[in-house]
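Remarks on the structure that follows.
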Number of protein chains: 2
Amino acid sequence: MLFSTKAEYGVRLMVELGRQPDSGPVSLSSVAEAERLPLSYLEHLVAKLRRAGLVTSTRGAHGGYSLAHPATEITMLEVVEALEGQIAPMECFHESPEGKVLCSHESNSDRACATKLLWTRVQSGVNRALLGTTLAELVEFSKPAGERAKGEPAKAAAPA
Amino acid sequence: MLFSTKAEYGVRLMVELGRQPDSGPVSLSSVAEAERLPLSYLEHLVAKLRRAGLVTSTRGAHGGYSLAHPATEITMLEVVEALEGQIAPMECFHESPEGKVLCSHESNSDRACATKLLWTRVQSGVNRALLGTTLAELVEFSKPAGERAKGEPAKAAAPA
DNA sequence: GCCCAACCCGACCAATGCTCTAGGATTTAG
DNA sequence: CTAAATCCTAGAGCATTGGTCGGGTTGGGC
């Protein structure tokens with residue numbers, strides 16, 4: 001598996017928040033029930049999303065979580081990275097802050113790192129998919145067919 | 001990490017085999033030394049590649065492994081799948097033999113599976129990258145710059 | 001002012017998979 | 001025959017995953 005359930009559950013959580021745009025904060029327990037996910041595990045995941053600035057929390061009675069930004073401005077790259085950490089296809093494959101690709105195996109040999117070309121392409125493919133998918137699209141997609149295509153249509157991104 | 005070292009080591013192994021096209025079988029220990037990888041671990045990996053029909057083995061003294069097909073006809077999708085198993089972005093995401101996408105969460109709710117759109121795009125991005133990269137390209141890429149671009153040039157595939 | 005819903009936090013735990021080693025059995029060139 | 005090599009199975013050691021548990025803290029409603 002490329003990703004763990006952290007990404008799966010976390011994205012579902014975000015979609016659930018995105019479905020009620022302006023009805024105040026949504027409690028975690030209602031999300032847990034709707035998606036049939038363990039509440040106490042969701043607490044850990046939502047904490048990561050909060051620390052990443054993707055959701056805001058309001059404490060106390062009738063509290064809960066809300067999206068920190070409009071769903072059209074939240075890309076899946078942000079969400080998945082907040083949940084799973086930096087996305088790299090391989091352990092030895094890191095991007096420095098300036099965007100250069102580093103590979104710890106490179107010094108192993110006089111030759112160029114054979115796999116760098118491959119992992120670069122894979123990462124680029126994943127990044128394009130994640131960056132080109134907004135939360136708004138998933139919210140729209142999750143609605144029953146009859147309900148779709150009303151309101152502002154989600155920005156169409158690069159097709160699958 | 002998207003992939004484990006199984007893919008990394010296995011691809012390196014394949015590249016090493018691809019560098020000596022017609023000089024008989026290559027022993028695992030020479031590969032292990034050249035790439036500084038643990039020999040006994042490589043044995044497990046090469047067994048998977050053999051069972052997948054990607055390499056052939058010749059036993060006994062002066063034995064070793066060779067590519068079962070020309071490097072231009074081996075895609076990284078075959079190699080990585082042989083090593084890591086079926087590639088799916090998420091546990092709940094399977095492709096049936098007819099190519100239909102199944103999702104075990106779909107029955108959880110009256111709504112469409114919110115994450116299916118996302119994982120479909122991710123998988124398609126990864127597949128394109130893996131399918132569009134041949135072993136011959138990596139072999140070429142791994143040569144020192146001066147040595148490249150001689151012989152038949154590797155088929156240029158979809159750029160990163 | 002209390003209660004309770006809800007967020008918050010850290011410790012813990014079982015299961016799984018990854019990385020790698022050990023030890024041997026089998027095959028074959030020289 | 002012997003050395004080199006593939007082949008096979010059985011694990012050890014470790015990190016991660018996917019949770020659970022118990023207890024805080026906050027704040028609205030009665």
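For the structure tokens, the naming scheme is as follows: chains receive sequential letters (A, B, ...) according to their order of presentation, residues are indexed from 1 within each chain, and ligands are indexed from 1 in presentation order.
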Using only C-alpha atoms and a distance of at most 6 Å, pull out the residues of chain B that contact chain A, as a list of chain:residue names. B:Met1, B:Leu2, B:Phe3, B:Ala88, B:Pro89, B:Met90, B:Arg111, B:Ala112, B:Ala114, B:Arg121, B:Val122, B:Gly125, B:Val126, B:Ala129, B:Leu138, B:Ser142, B:Lys143, B:Pro144, B:Ala160
Against chain D, which residues of chain B fall within 12 Å? For each one I want the closest pair of atoms and the distance in Å (one decimal), counting only C-alpha atoms (C1' of nucleotides), rows by chain and increasing residue number, as CSV.
```
residue,atom,partner,partner_atom,distance
B:Met1,CA,D:DT16,C1',11.4
B:Pro25,CA,D:DA5,C1',11.0
B:Val26,CA,D:DA5,C1',10.4
B:Ser27,CA,D:DA5,C1',7.4
B:Leu28,CA,D:DA5,C1',8.7
B:Ser29,CA,D:DA5,C1',9.1
B:Ser30,CA,D:DA5,C1',11.4
B:Ser40,CA,D:DC7,C1',11.4
B:Glu43,CA,D:DC7,C1',8.7
B:His44,CA,D:DC7,C1',9.8
B:Val46,CA,D:DT6,C1',10.6
B:Ala47,CA,D:DC7,C1',8.6
B:Arg50,CA,D:DC7,C1',11.5
B:Thr56,CA,D:DT6,C1',11.1
B:Ser57,CA,D:DT6,C1',7.5
B:Thr58,CA,D:DT6,C1',7.3
B:Arg59,CA,D:DT6,C1',4.9
B:Gly60,CA,D:DA5,C1',4.9
B:Ala61,CA,D:DA4,C1',4.4
B:His62,CA,D:DA5,C1',6.6
B:Gly63,CA,D:DA5,C1',5.7
B:Gly64,CA,D:DA5,C1',7.0
B:Tyr65,CA,D:DT6,C1',9.2
```
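With atom CA of B:Leu67 on one side and atom CA of B:Glu81 on the other, the separation reads 16.4 Å.
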Which one of C:DA14, C:DA25, C:DC20, C:DC7 sits closest to chain B if you count only C-alpha atoms (C1' of nucleotides)?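 Checking each candidate against chain B, we get C:DC20 as the closest.
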Test item, alpha helix (DSSP H) assignment across stretch 9-87 of chain A, answer as a ChimeraX atom specification: /A:9-19,28-35,39-51,76-84
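Rounded to one decimal, atom C1' of C:DT16 and atom CA of A:Leu37 lie 20.3 Å from each other.
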